Amino acid sequence: MKRIFAGYADAMDSFSVFVGQACSVLFFACIAISAAEVVLRYGFNAPTLWSTELAMTLCASAWVLSVGYVTQRHRHISITMLELIVGERVWRNFRLIQMLIATGALLVLTMALYHPAAKVMGRTEYSGTAMNSPQPTYLKILLFVGCIFYILQLLANIIRWFQHTEGDVTGGH
């Protein structure tokens with residue numbers, strides 16, 4: 001059974017790293033779109049209707065999809081001063097408590113997001129802007145998927161905590 005859990009944690013870690021690194025392309029696309037908007041607006045006096053909305057959607061997508069990578073690498077915001085004060089053993093227990101609380105909170109958030117995401121699957125919502133994109137539909141579904149992804153990576157981290165295999169995950173994979 002220990003091997004099955006370790007295999008799950010390895011697979012989830014690999015998937016999180018892959019998706020997290022792949023999301024960097026979304027940030028580059030956002031930069032390119034923003035630069036094109038500046039050139040079109042100020043160079044040719046021809047602003048677009050779509051650039052701001054698309055840039056925001058790309059950044060939001062990268063942010064939500066990178067959650068597994070950030071969690072796997074332990075790069076989320078934390079109060080590291082406590083680590084220096086309480087010592088290694090207590091800090092390790094704090095990490096478990098934090099992961100369990102985060103998992104519980106995300107389960108509640110995921111349940112809250114389920115109905116809005118399911119609703120827009122049946123009836124597309126539009127932004128109501130000049131572009132009138134289906135951005136609200138996309139983002140509601142993306143947030144739901146991102147929460148599930150976050151929970152799955154937290155479970156992998158909890159497995160690693162119990163198996164004492166957390167180690168240094170900040171290096172390149």
# chains A, B, ... in the order shown; residues from 1 in each chain; ligands from 1

$ closest_atom_pairs --of "region 58-126 of chain A" --to "region 24-41 of chain A" --cutoff "12 Å" --atoms "only C-alpha atoms" --output "JSON lines"
{"residue": "A:Leu58", "atom": "CA", "partner": "A:Leu26", "partner_atom": "CA", "distance": 5.7}
{"residue": "A:Cys59", "atom": "CA", "partner": "A:Phe27", "partner_atom": "CA", "distance": 6.3}
{"residue": "A:Ala60", "atom": "CA", "partner": "A:Leu26", "partner_atom": "CA", "distance": 9.4}
{"residue": "A:Ser61", "atom": "CA", "partner": "A:Leu26", "partner_atom": "CA", "distance": 7.7}
{"residue": "A:Ala62", "atom": "CA", "partner": "A:Leu26", "partner_atom": "CA", "distance": 6.1}
{"residue": "A:Trp63", "atom": "CA", "partner": "A:Phe27", "partner_atom": "CA", "distance": 9.4}
{"residue": "A:Val64", "atom": "CA", "partner": "A:Leu26", "partner_atom": "CA", "distance": 11.5}
{"residue": "A:Leu65", "atom": "CA", "partner": "A:Leu26", "partner_atom": "CA", "distance": 10.4}
{"residue": "A:Ser66", "atom": "CA", "partner": "A:Ser24", "partner_atom": "CA", "distance": 9.0}
{"residue": "A:Tyr69", "atom": "CA", "partner": "A:Ser24", "partner_atom": "CA", "distance": 11.6}

$ atom_distance --atom1 "CA of Thr103 (chain A)" --atom2 "CA of Tyr150 (chain A)"
8.3 Å

$ closest_atom_pairs --of "region 5-119 of chain A" --to "region 125-144 of chain A" --cutoff "12 Å" --atoms "only C-alpha atoms" --output "Markdown table"
| residue | atom | partner | partner_atom | distance |
| --- | --- | --- | --- | --- |
| A:Thr48 | CA | A:Met131 | CA | 9.4 |
| A:Leu49 | CA | A:Met131 | CA | 5.9 |
| A:Trp50 | CA | A:Met131 | CA | 5.9 |
| A:Ser51 | CA | A:Met131 | CA | 9.5 |
| A:Thr52 | CA | A:Met131 | CA | 10.1 |
| A:Glu53 | CA | A:Met131 | CA | 8.1 |
| A:Leu54 | CA | A:Gln135 | CA | 8.7 |
| A:Ala55 | CA | A:Gln135 | CA | 11.4 |
| A:Met56 | CA | A:Gln135 | CA | 9.7 |
| A:Thr57 | CA | A:Gln135 | CA | 7.2 |
| A:Leu58 | CA | A:Leu139 | CA | 10.3 |
| A:Cys59 | CA | A:Leu139 | CA | 11.2 |
| A:Ala60 | CA | A:Leu139 | CA | 8.0 |
| A:Ser61 | CA | A:Leu142 | CA | 7.3 |
| A:Ala62 | CA | A:Leu142 | CA | 10.3 |
| A:Trp63 | CA | A:Leu143 | CA | 10.1 |
| A:Val64 | CA | A:Leu143 | CA | 6.7 |
| A:Leu65 | CA | A:Leu142 | CA | 8.2 |
| A:Ser66 | CA | A:Leu143 | CA | 11.7 |
| A:Val67 | CA | A:Leu143 | CA | 10.7 |
| A:Leu106 | CA | A:Phe144 | CA | 10.0 |
| A:Leu107 | CA | A:Phe144 | CA | 10.5 |
| A:Val108 | CA | A:Phe144 | CA | 11.3 |
| A:Leu109 | CA | A:Phe144 | CA | 8.5 |
| A:Thr110 | CA | A:Phe144 | CA | 6.0 |
| A:Met111 | CA | A:Phe144 | CA | 8.7 |
| A:Ala112 | CA | A:Phe144 | CA | 9.0 |
| A:Leu113 | CA | A:Phe144 | CA | 5.8 |
| A:Tyr114 | CA | A:Phe144 | CA | 6.6 |
| A:His115 | CA | A:Phe144 | CA | 9.7 |
| A:Pro116 | CA | A:Lys140 | CA | 6.8 |
| A:Ala117 | CA | A:Ile141 | CA | 4.9 |
| A:Ala118 | CA | A:Ile141 | CA | 7.9 |
| A:Lys119 | CA | A:Thr137 | CA | 9.0 |

$ residues_around --residues "region 84-100 of chain A" --least-positions-apart "6" --cutoff "9 Å" --atoms "only C-alpha atoms" --output "VMD selection string"
chain A and resid 154 to 155 157 to 158 161 to 162

$ select_by_dssp --residues "region 1-169 of chain A" --states "helix (DSSP H, G or I)" --output "number ranges by chain"
A: 2-22, 24-43, 51-65, 67-72, 80-86, 88-122, 135-163

$ atom_distance --atom1 "CA of Ser16 (chain A)" --atom2 "CA of Thr124 (chain A)"
28.9 Å
